[in-house]
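*Asks:* final16.cif is reproduced below (mmCIF, C-alpha atoms).
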data_coords
loop_
_atom_site.label_atom_id
_atom_site.label_comp_id
_atom_site.auth_asym_id
_atom_site.auth_seq_id
_atom_site.Cartn_x
_atom_site.Cartn_y
_atom_site.Cartn_z
CA MET A 1 110.78 124.99 126.48
CA ARG A 2 111.14 121.19 126.52
CA ARG A 3 111.67 120.96 122.76
CA TYR A 4 114.47 123.54 122.89
CA LEU A 5 116.17 121.59 125.67
CA THR A 6 115.76 118.46 123.54
CA PHE A 7 117.39 120.26 120.60
CA ALA A 8 120.27 121.28 122.88
CA THR A 9 120.71 117.69 124.10
CA VAL A 10 120.92 116.09 120.65
CA SER A 11 123.12 118.98 119.52
CA LEU A 12 125.53 118.20 122.37
CA ALA A 13 125.87 114.67 121.02
CA LEU A 14 126.64 116.06 117.56
CA VAL A 15 129.25 118.39 119.08
CA MET A 16 130.82 115.41 120.85
CA SER A 17 131.01 113.53 117.55
CA SER A 18 132.47 116.60 115.83
CA ILE A 19 135.10 117.00 118.55
CA ASN A 20 136.02 113.35 118.14
CA THR A 21 136.59 113.74 114.39
CA THR A 22 138.81 116.80 114.54
CA VAL A 23 140.63 115.91 117.75
CA VAL A 24 141.98 112.63 116.36
CA SER A 25 143.19 114.34 113.18
CA VAL A 26 145.32 116.70 115.26
CA ALA A 27 146.73 113.82 117.31
CA LEU A 28 147.72 111.84 114.19
CA PRO A 29 151.45 112.84 114.19
CA SER A 30 151.78 112.06 117.91
CA LEU A 31 149.91 108.76 117.54
CA THR A 32 152.08 107.73 114.58
CA HIS A 33 155.28 108.44 116.52
CA ASP A 34 154.24 106.83 119.81
CA LEU A 35 152.96 103.59 118.28
CA GLY A 36 155.83 103.38 115.76
CA ILE A 37 153.58 102.89 112.74
CA SER A 38 153.42 104.19 109.15
CA LEU A 39 151.05 106.95 108.08
CA ILE A 40 148.88 104.47 106.18
CA TRP A 41 148.25 102.36 109.30
CA ALA A 42 147.71 105.50 111.39
CA GLY A 43 145.17 106.54 108.78
CA TRP A 44 143.18 103.40 109.58
CA SER A 45 142.43 104.94 112.99
CA LEU A 46 140.54 107.61 111.05
CA THR A 47 139.05 105.50 108.28
CA SER A 48 137.85 102.62 110.50
CA TYR A 49 135.75 105.17 112.40
CA GLN A 50 134.43 106.67 109.16
CA LEU A 51 133.74 103.25 107.67
CA MET A 52 131.57 102.08 110.55
CA MET A 53 129.82 105.45 110.67
CA THR A 54 129.03 104.91 106.99
CA VAL A 55 127.49 101.50 107.72
CA ALA A 56 125.69 102.66 110.87
CA MET A 57 123.94 105.70 109.41
CA PRO A 58 121.37 103.97 107.18
CA LEU A 59 120.86 101.25 109.80
CA ALA A 60 120.31 103.83 112.53
CA GLY A 61 117.92 105.73 110.29
CA LYS A 62 115.79 102.62 109.78
CA LEU A 63 116.01 101.57 113.42
CA SER A 64 114.96 105.00 114.67
CA ASP A 65 111.96 104.92 112.33
CA VAL A 66 110.97 101.49 113.65
CA LEU A 67 112.13 101.23 117.28
CA GLY A 68 111.84 104.88 118.24
CA ARG A 69 114.25 107.80 118.23
CA LYS A 70 114.99 107.80 121.96
CA ARG A 71 116.03 104.15 122.23
CA VAL A 72 118.36 104.31 119.24
CA PHE A 73 119.84 107.67 120.22
CA LEU A 74 120.64 106.65 123.81
CA PHE A 75 122.12 103.30 122.75
CA CYS A 76 124.39 105.04 120.24
CA VAL A 77 125.58 107.52 122.90
CA PHE A 78 126.31 104.64 125.29
CA LEU A 79 128.30 102.71 122.66
CA PHE A 80 130.21 105.83 121.63
CA THR A 81 131.13 106.67 125.23
CA VAL A 82 132.34 103.17 126.17
CA SER A 83 134.38 102.76 122.98
CA SER A 84 135.95 106.19 123.51
CA PHE A 85 137.37 105.00 126.82
CA LEU A 86 138.55 101.73 125.24
CA SER A 87 140.28 103.66 122.44
CA GLY A 88 142.19 105.63 125.06
CA VAL A 89 143.56 102.47 126.69
CA ALA A 90 144.28 100.60 123.42
CA PRO A 91 147.71 98.90 123.70
CA ASN A 92 148.50 98.99 119.96
CA ILE A 93 147.22 100.18 116.58
CA TYR A 94 145.21 96.99 115.96
CA TRP A 95 143.12 97.36 119.11
CA LEU A 96 142.80 101.07 118.46
CA ILE A 97 141.40 100.40 114.98
CA ALA A 98 138.90 97.91 116.46
CA PHE A 99 137.73 100.27 119.21
CA ARG A 100 137.51 103.16 116.75
CA ALA A 101 135.26 100.98 114.59
CA LEU A 102 132.93 100.48 117.58
CA GLN A 103 133.05 104.21 118.19
CA GLY A 104 131.99 104.76 114.59
CA LEU A 105 128.97 102.47 115.06
CA GLY A 106 127.83 104.68 117.92
CA GLY A 107 128.65 107.99 116.26
CA GLY A 108 126.94 106.96 113.02
CA GLY A 109 123.58 106.85 114.77
CA PHE A 110 123.69 110.40 116.08
CA MET A 111 122.65 112.37 113.00
CA PRO A 112 119.79 110.16 111.68
CA SER A 113 118.16 109.81 115.10
CA ALA A 114 118.79 113.47 115.96
CA ALA A 115 117.23 114.56 112.64
CA GLY A 116 114.17 112.41 113.39
CA ILE A 117 113.86 113.82 116.92
CA VAL A 118 114.10 117.42 115.71
CA THR A 119 111.66 116.81 112.85
CA GLU A 120 109.02 115.59 115.31
CA ASP A 121 109.59 118.48 117.73
CA PHE A 122 109.83 121.21 115.05
CA PRO A 123 107.41 120.06 112.31
CA LYS A 124 106.81 123.56 110.89
CA SER A 125 110.46 124.67 110.89
CA ARG A 126 112.17 121.39 110.15
CA ASP A 127 114.49 122.74 107.44
CA ARG A 128 115.70 125.56 109.68
CA ALA A 129 116.30 123.26 112.67
CA ILE A 130 118.23 120.66 110.64
CA GLY A 131 120.11 123.46 108.88
CA LEU A 132 121.21 124.79 112.27
CA PHE A 133 122.97 121.47 112.92
CA THR A 134 125.53 122.78 110.43
CA SER A 135 126.07 125.78 112.72
CA ILE A 136 126.47 123.57 115.78
CA LEU A 137 128.87 120.96 114.40
CA PRO A 138 131.69 123.53 113.93
CA ILE A 139 131.65 124.16 117.69
CA GLY A 140 133.36 120.79 117.93
CA GLY A 141 135.62 121.98 115.12
CA VAL A 142 136.74 124.84 117.37
CA ILE A 143 137.04 122.88 120.61
CA GLY A 144 138.47 119.65 119.18
CA PRO A 145 141.61 120.85 117.36
CA ASN A 146 142.65 123.29 120.08
CA LEU A 147 141.98 120.97 123.00
CA GLY A 148 143.35 117.97 121.11
CA GLY A 149 146.50 119.81 120.08
CA TRP A 150 147.13 120.87 123.67
CA LEU A 151 146.51 117.37 125.07
CA ALA A 152 148.62 115.64 122.41
CA GLN A 153 151.53 118.08 122.78
CA TYR A 154 151.71 118.29 126.58
CA TYR A 155 150.18 114.97 127.70
CA SER A 156 149.28 112.09 125.37
CA TRP A 157 147.12 111.34 122.35
CA ARG A 158 145.16 108.97 124.60
CA TYR A 159 143.51 111.89 126.39
CA VAL A 160 141.78 112.98 123.16
CA PHE A 161 139.52 109.95 123.61
CA TYR A 162 139.00 110.31 127.35
CA ILE A 163 137.39 113.74 126.95
CA ASN A 164 134.34 112.10 125.33
CA VAL A 165 133.52 110.09 128.45
CA PRO A 166 132.12 112.81 130.76
CA VAL A 167 130.29 114.46 127.84
CA GLY A 168 128.75 111.15 126.82
CA ILE A 169 127.54 110.46 130.36
CA ALA A 170 125.94 113.93 130.50
CA VAL A 171 124.15 113.37 127.17
CA MET A 172 122.80 110.00 128.33
CA LEU A 173 121.40 111.53 131.54
CA LEU A 174 119.82 114.50 129.76
CA GLY A 175 118.45 112.31 126.98
CA SER A 176 116.84 109.91 129.47
CA LEU A 177 115.03 112.83 131.10
CA LEU A 178 114.09 114.98 128.12
CA LEU A 179 113.55 112.83 125.04
CA ARG A 180 110.03 111.60 124.34
CA GLU A 181 109.26 107.95 123.72
CA THR A 182 107.94 107.21 120.25
CA ALA A 183 105.75 104.27 119.36
CA VAL A 184 107.22 101.18 117.78
CA LYS A 185 105.83 101.01 114.24
CA SER A 186 106.57 97.37 113.43
CA PRO A 187 109.04 94.61 114.32
CA ALA A 188 112.54 95.68 113.37
CA LYS A 189 113.88 93.81 110.34
CA ILE A 190 117.42 94.83 109.54
CA ASP A 191 119.41 93.34 106.68
CA LEU A 192 122.51 92.42 108.64
CA PRO A 193 123.99 90.19 105.87
CA GLY A 194 123.65 93.12 103.46
CA ALA A 195 125.34 95.43 105.96
CA GLY A 196 128.14 92.88 106.31
CA MET A 197 128.63 92.72 102.53
CA PHE A 198 128.75 96.50 102.29
CA THR A 199 131.28 96.71 105.13
CA ALA A 200 133.41 93.99 103.54
CA ALA A 201 133.41 95.80 100.19
CA ILE A 202 134.63 99.09 101.68
CA ALA A 203 137.13 97.39 104.01
CA SER A 204 138.55 95.43 101.06
CA LEU A 205 138.95 98.65 99.08
CA MET A 206 140.74 100.31 102.01
CA PHE A 207 143.09 97.35 102.45
CA ALA A 208 143.83 97.36 98.71
CA LEU A 209 144.80 101.03 98.95
CA THR A 210 147.00 100.22 101.96
CA GLN A 211 148.81 97.50 100.03
CA MET A 212 149.35 99.82 97.06
CA GLY A 213 151.47 102.00 99.32
CA GLU A 214 153.64 99.14 100.64
CA ARG A 215 156.24 99.41 97.90
CA SER A 216 158.93 97.54 99.88
CA ASN A 217 156.86 94.35 99.89
CA PRO A 218 157.06 92.43 96.54
CA LEU A 219 153.72 90.75 97.29
CA SER A 220 151.86 94.02 97.85
CA GLY A 221 150.87 94.35 94.17
CA PRO A 222 149.20 90.92 93.87
CA VAL A 223 147.59 91.32 97.31
CA ALA A 224 146.19 94.73 96.30
CA ALA A 225 144.79 93.22 93.08
CA LEU A 226 143.19 90.39 95.08
CA PHE A 227 141.46 92.80 97.43
CA LEU A 228 140.25 94.94 94.52
CA LEU A 229 138.62 91.83 93.10
CA LEU A 230 137.09 91.12 96.52
CA THR A 231 135.79 94.69 96.59
CA MET A 232 133.97 94.20 93.29
CA ALA A 233 132.65 90.79 94.35
CA PHE A 234 131.27 92.03 97.67
CA ALA A 235 129.79 95.14 96.00
CA LEU A 236 128.06 93.05 93.33
CA ALA A 237 126.70 90.62 95.93
CA PHE A 238 125.50 93.56 98.04
CA PHE A 239 123.54 95.23 95.23
CA ARG A 240 122.03 91.94 94.07
CA ARG A 241 120.86 91.23 97.61
CA GLU A 242 119.43 94.73 98.06
CA GLN A 243 117.17 94.15 95.06
CA ARG A 244 115.66 91.01 96.65
CA VAL A 245 115.28 91.64 100.40
CA ALA A 246 112.20 93.31 101.87
CA ASN A 247 114.14 95.64 104.20
CA PRO A 248 117.36 96.58 102.42
CA VAL A 249 120.20 98.52 104.03
CA MET A 250 120.17 100.86 101.05
CA ASP A 251 116.77 101.61 99.54
CA LEU A 252 117.50 101.29 95.83
CA GLU A 253 114.26 103.06 94.94
CA LEU A 254 115.65 106.18 96.62
CA LEU A 255 118.84 105.77 94.60
CA LYS A 256 117.08 105.56 91.23
CA ARG A 257 115.02 108.75 91.36
CA LYS A 258 116.76 111.66 89.64
CA PRO A 259 116.97 114.08 92.63
CA PHE A 260 118.34 111.33 94.86
CA VAL A 261 120.89 110.24 92.23
CA ALA A 262 122.20 113.80 92.03
CA ALA A 263 122.21 114.24 95.82
CA ASN A 264 124.05 110.97 96.44
CA ILE A 265 126.71 111.66 93.79
CA TYR A 266 127.14 115.10 95.33
CA ASN A 267 127.50 113.72 98.87
CA LEU A 268 130.00 111.04 97.78
CA PHE A 269 132.39 113.49 96.10
CA PHE A 270 131.75 116.23 98.66
CA GLY A 271 132.63 113.81 101.46
CA ALA A 272 135.84 112.73 99.73
CA SER A 273 136.95 116.26 98.80
CA VAL A 274 135.98 118.03 102.01
CA PHE A 275 135.79 115.63 104.97
CA GLY A 276 138.37 113.13 103.74
CA VAL A 277 140.98 115.75 102.88
CA PHE A 278 140.29 117.80 105.98
CA GLN A 279 141.29 114.85 108.18
CA LEU A 280 144.86 115.36 106.93
CA MET A 281 144.99 119.16 107.34
CA PRO A 282 146.73 119.10 110.76
CA LEU A 283 149.44 116.88 109.28
CA TYR A 284 149.76 119.35 106.39
CA ALA A 285 150.20 122.25 108.83
CA VAL A 286 152.90 120.36 110.75
CA SER A 287 154.84 118.88 107.82
CA VAL A 288 154.65 121.74 105.28
CA PHE A 289 154.28 124.88 107.41
CA GLY A 290 156.32 123.60 110.37
CA LEU A 291 153.67 124.28 113.00
CA SER A 292 153.59 122.52 116.35
CA THR A 293 150.83 120.03 117.21
CA LEU A 294 149.08 122.76 119.21
CA GLY A 295 149.48 125.21 116.34
CA SER A 296 148.12 122.74 113.81
CA GLY A 297 144.95 122.51 115.89
CA ALA A 298 144.61 126.27 116.25
CA ILE A 299 144.96 126.77 112.49
CA LEU A 300 141.65 124.92 111.98
CA THR A 301 139.72 127.33 114.19
CA PRO A 302 139.16 130.06 111.54
CA ARG A 303 137.53 127.49 109.28
CA SER A 304 135.11 126.38 112.01
CA LEU A 305 134.19 129.94 112.98
CA ALA A 306 133.49 130.78 109.33
CA VAL A 307 131.26 127.68 109.01
CA MET A 308 129.31 128.69 112.12
CA PHE A 309 128.64 132.19 110.79
CA THR A 310 127.66 131.41 107.20
CA SER A 311 125.70 128.24 108.02
CA THR A 312 123.56 130.15 110.52
CA VAL A 313 122.81 132.88 107.99
CA THR A 314 122.20 130.39 105.18
CA SER A 315 119.84 128.28 107.33
CA PHE A 316 117.53 131.26 107.83
CA LEU A 317 117.67 132.21 104.12
CA LEU A 318 117.03 128.76 102.63
CA ASN A 319 113.37 129.50 101.89
CA ARG A 320 114.45 132.49 99.77
CA LEU A 321 117.61 131.09 98.20
CA GLY A 322 116.52 127.53 97.50
CA TYR A 323 119.08 124.73 97.49
CA ARG A 324 120.99 124.97 94.20
CA LEU A 325 122.47 128.47 94.55
CA PRO A 326 124.08 127.95 98.00
CA MET A 327 125.45 124.55 96.97
CA VAL A 328 127.06 125.91 93.78
CA LEU A 329 128.52 128.94 95.56
CA GLY A 330 129.90 126.71 98.30
CA LEU A 331 131.53 124.38 95.77
CA LEU A 332 133.21 127.33 94.05
CA LEU A 333 134.68 128.61 97.32
CA ILE A 334 135.84 125.22 98.63
CA GLY A 335 137.15 124.04 95.26
CA GLY A 336 139.08 127.28 94.76
CA SER A 337 140.55 127.00 98.26
CA SER A 338 141.66 123.43 97.61
CA LEU A 339 143.37 124.42 94.35
CA ALA A 340 145.12 127.30 96.15
CA LEU A 341 146.51 124.78 98.65
CA ALA A 342 147.91 122.79 95.72
CA ILE A 343 150.67 125.40 95.30
CA PRO A 344 153.89 123.45 96.04
CA GLY A 345 155.80 124.31 99.20
CA GLY A 346 152.91 125.91 101.09
CA ALA A 347 152.67 129.12 98.98
CA PRO A 348 154.54 132.40 99.60
CA GLY A 349 152.13 133.77 102.20
CA GLY A 350 153.22 131.42 104.98
CA THR A 351 150.87 130.83 107.90
CA GLY A 352 148.80 133.90 107.05
CA PHE A 353 148.03 132.37 103.66
CA LEU A 354 146.89 129.14 105.33
CA VAL A 355 144.61 131.05 107.72
CA LEU A 356 143.02 132.92 104.80
CA ILE A 357 142.42 129.68 102.90
CA MET A 358 140.84 128.11 105.98
CA VAL A 359 138.46 131.06 106.29
CA ILE A 360 137.39 130.83 102.63
CA TRP A 361 137.05 127.06 102.94
CA GLY A 362 134.83 127.52 106.00
CA LEU A 363 132.67 130.14 104.30
CA GLY A 364 132.06 127.73 101.44
CA MET A 365 131.15 124.84 103.75
CA GLY A 366 128.79 127.02 105.78
CA ILE A 367 126.98 128.13 102.63
CA ALA A 368 126.75 124.70 100.99
CA MET A 369 125.94 122.34 103.85
CA PRO A 370 122.58 123.63 105.17
CA ALA A 371 121.19 123.38 101.64
CA SER A 372 122.69 119.94 100.95
CA ASN A 373 121.54 118.67 104.35
CA ASN A 374 117.92 119.51 103.49
CA ALA A 375 117.99 118.61 99.79
CA CYS A 376 115.48 115.85 98.95
CA ILE A 377 113.98 115.64 102.47
CA GLU A 378 110.81 117.49 101.46
CA LEU A 379 110.20 114.88 98.74
CA MET A 380 109.57 112.25 101.46
CA PRO A 381 109.21 114.02 104.83
CA ASP A 382 107.76 110.85 106.41
CA ARG A 383 111.09 109.07 105.84
CA VAL A 384 113.42 111.80 107.01
CA ALA A 385 115.64 109.55 109.16
CA THR A 386 116.12 107.07 106.30
CA ILE A 387 117.00 109.85 103.85
CA VAL A 388 119.41 111.48 106.32
CA GLY A 389 120.98 108.06 106.89
CA LEU A 390 121.55 107.59 103.15
CA ARG A 391 122.98 111.09 102.87
CA GLY A 392 125.39 110.34 105.68
CA LEU A 393 126.26 106.97 104.15
CA PHE A 394 127.42 108.52 100.87
CA ARG A 395 129.09 111.49 102.55
CA ASN A 396 131.04 109.29 104.96
CA LEU A 397 131.82 106.76 102.26
CA GLY A 398 133.40 109.62 100.34
CA GLY A 399 135.28 110.62 103.50
CA VAL A 400 136.64 107.09 103.89
CA ILE A 401 137.81 106.98 100.27
CA GLY A 402 139.21 110.52 100.45
CA THR A 403 141.20 109.89 103.63
CA ALA A 404 142.56 106.55 102.41
CA THR A 405 143.48 108.00 99.01
CA GLY A 406 145.13 111.03 100.60
CA ALA A 407 147.19 108.85 102.95
CA LEU A 408 148.22 106.69 100.00
CA LEU A 409 149.36 109.70 97.95
CA LEU A 410 151.39 111.04 100.90
CA HIS A 411 152.97 107.65 101.53
CA VAL A 412 153.94 107.16 97.89
CA TYR A 413 154.98 110.70 96.89
CA GLY A 414 156.01 112.17 100.24
CA PHE A 415 154.63 115.33 101.83
CA ASN A 416 156.13 117.88 99.41
CA ARG A 417 154.64 116.28 96.29
CA GLY A 418 151.77 114.33 97.81
CA PHE A 419 149.88 117.24 99.35
CA PRO A 420 149.76 119.36 96.13
CA ILE A 421 148.58 116.32 94.14
CA MET A 422 145.92 115.55 96.75
CA PHE A 423 144.57 119.11 96.94
CA ALA A 424 144.53 119.54 93.16
CA THR A 425 142.72 116.23 92.59
CA PHE A 426 139.95 116.88 95.07
CA GLY A 427 139.65 120.56 94.17
CA ILE A 428 138.94 119.63 90.56
CA ALA A 429 136.42 117.02 91.75
CA LEU A 430 134.43 119.76 93.51
CA PHE A 431 134.16 121.82 90.33
CA VAL A 432 132.96 118.72 88.46
CA LEU A 433 130.05 118.52 90.93
CA ILE A 434 128.56 121.85 89.78
CA PRO A 435 126.70 120.34 86.77
CA VAL A 436 125.39 117.60 89.08
CA VAL A 437 123.85 120.23 91.36
#
What is this file in structure tokens?
*Replies:*
Amino acid sequence: MRRYLTFATVSLALVMSSINTTVVSVALPSLTHDLGISLIWAGWSLTSYQLMMTVAMPLAGKLSDVLGRKRVFLFCVFLFTVSSFLSGVAPNIYWLIAFRALQGLGGGGFMPSAAGIVTEDFPKSRDRAIGLFTSILPIGGVIGPNLGGWLAQYYSWRYVFYINVPVGIAVMLLGSLLLRETAVKSPAKIDLPGAGMFTAAIASLMFALTQMGERSNPLSGPVAALFLLLTMAFALAFFRREQRVANPVMDLELLKRKPFVAANIYNLFFGASVFGVFQLMPLYAVSVFGLSTLGSGAILTPRSLAVMFTSTVTSFLLNRLGYRLPMVLGLLLIGGSSLALAIPGGAPGGTGFLVLIMVIWGLGMGIAMPASNNACIELMPDRVATIVGLRGLFRNLGGVIGTATGALLLHVYGFNRGFPIMFATFGIALFVLIPVV
């Protein structure tokens, strides 16, 4: 019974993280209006969180392998809870971006440490247990948009952060009581300079994209070029360092082997085309279909329910289906849905059309993600947390790039042209992934 309660506890943390992702997306129009900022700067409230999650995932994976799952998990929940409250009281966009970055550091540790905890408690059914995470995460996708839309429309966007506080406190109490202590394997050696270089590279890329959209500023072009050069410099320094240090942030040996190369390319483009684009879906529903903030949250519910259903079924069928077939089928469904959304003007079917597309999108995600979550883990089951951390790194890195690119396209081309271009671009990218799989 204890291991099932443990599974429920770590799952609650994942639900909290999932709520946080979707709830902020719904509040984006309200946040933009209240703080008097452009869409690109509002997008930083999303991408700063994703960026720090990207950095935190491989670090948390290594730390949980070395320091123990319980310590890392509880610290991440504490950091996430405190920074949620601070995000709610942020006086301006700059403080909000900073507090969201701290929140991302906490949230980035949830999945690697949770995967390690579940692997130790369910050694004979590890793939099924980790696959079921895909069924649990959409619960936040149901709660977050609806609750967030209601709070943002009738109260304030600040309340979308406050709702994490009581949930976080509950997870910390349950985790302290239920999670088992694991032995420390060796002194923790984390490549913090390497993590800093990686963060600087991605932050420079994001700032370059921001400057590309500032067409009214004559210096934006040279500044964007400068930050693109900084991106390449930091990336080169990062990879050179990772080849020399004993405990790299990113294990390059795992990146060189053929299955891991394919999996990481898949997760990068999947993250950009699915998670990055999906952050902007509530804005699409409001600006193109004319829905209210509450309605834009509700429109995401069919997608989450579809993910819950198909991911549960797929998780139990993985041993029969293998990994390639579900991933290819999922890409076909999601890519086709994205191309359907590229129809200018929101398509003739109105809101009913959007609901149908969300259902198909969700079916595709639910089919693809349990398989992609488990792909490559059986090659090195003793390093599951590290592998899950790398998977999350590439998936969230794609999400950061996808969200920033989408915000740039909308800022430059406007909603009527920008959304079709965005959906078409990322829809095609998903079809390109099929040969990789």
*Asks:* Counting only C-alpha atoms, give me one row per residue of range 257-286 of chain A with an atom at most 10 Å from an atom of range 352-363 of chain A, showing the shortest contact pair and its distance in Å to one decimal, sorted by chain then residue number, as CSV.
*Replies:*
residue,atom,partner,partner_atom,distance
A:Val274,CA,A:Trp361,CA,9.1
A:Met281,CA,A:Met358,CA,10.0
A:Ala285,CA,A:Leu354,CA,8.4
*Asks:* So how far away is CA of Ala424 in chain A from CA of Ala342 in chain A, in Å?
*Replies:*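 If I compute the distance from CA of Ala342 in chain A to CA of Ala424 in chain A, I get 5.3 Å.
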*Asks:* I need every residue sitting at most 12 Å from the point (131.0, 114.7, 127.9) (coordinates as in the file, all atoms listed in the file considered), written as a PyMOL selection string.
*Replies:* chain A and resi 9+12-17+19-20+77-78+80-82+84-85+140+160-174
*Asks:* For Ser113 in chain A, find every residue with an atom within 6 Å (counting all atoms listed in the file), except residues of its own chain fewer than 5 positions away, and show them as a list in words.
*Replies:*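 The neighbour list is Ser64, Arg69 and Phe73 of chain A.
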*Asks:* Tell me which protein, DNA and RNA residues are within 12 Å of Leu321 in chain A, counting all atoms listed in the file, leaving out same-chain ones fewer than 5 positions away, and put them as a list in words.
*Replies:* Val313, Thr314, Ser315, Phe316, Pro326, Met327, Val328, Leu329, Ile367, Ala368, Pro370 and Ala371 of chain A
*Asks:* Using Å and a single decimal, report how far CA of Gly392 in chain A sits from CA of Ala152 in chain A.
*Replies:*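 Atom-to-atom, CA of Ala152 in chain A and CA of Gly392 in chain A are spaced 29.1 Å apart.
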*Asks:* Selection in question (the file shown): the PyMOL selection byres ((chain A and resi 296) around 7). Which residues does it include, as a PyMOL selection string?
*Replies:* chain A and resi 26+282+285-286+291-295+297-299
*Asks:* Go ahead and compute the interatomic distance for CA of Leu35 in chain A and CA of Tyr94 in chain A, in Å to one decimal.
*Replies:* 10.4 Å
*Asks:* Name the closest residue to Leu433 in chain A among the candidates A:Ile401, A:Leu305, A:Ala60, A:Ala262; distances are taken between atoms, counting only C-alpha atoms.
*Replies:*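 Looking at the shortest contact to Leu433 in chain A, the residue is A:Ala262.
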*Asks:* For Gly271 in chain A, which residue out of A:Leu86, A:Leu393, A:Leu339, A:Val55 is the nearest one, using all atoms listed in the file?
*Replies:*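 The answer is A:Leu393, which sits nearest to Gly271 in chain A.
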*Asks:* Translate the PyMOL selection byres ((chain A and resi 248) around 10), as applied to the file shown, into an explicit residue set as a VMD selection string.
*Replies:* chain A and resid 58 to 59 62 189 to 195 238 to 239 241 to 247 249 to 252
*Asks:* Hey, what comes out of the PyMOL selection byres ((chain A and resi 269) around 12) on this file? Could you write it as an MDAnalysis selection string?
*Replies:* chainID A and resid 262:268 270:277 331 335 391 394:402 425:434 436:437
*Asks:* Here is a test: counting only C-alpha atoms, which residue of A:Asn319, A:Ala203, A:Leu96, A:Leu300 is nearest to Gly144 in chain A?
*Replies:*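 With only C-alpha atoms as the atom set, the closest residue is A:Leu300.
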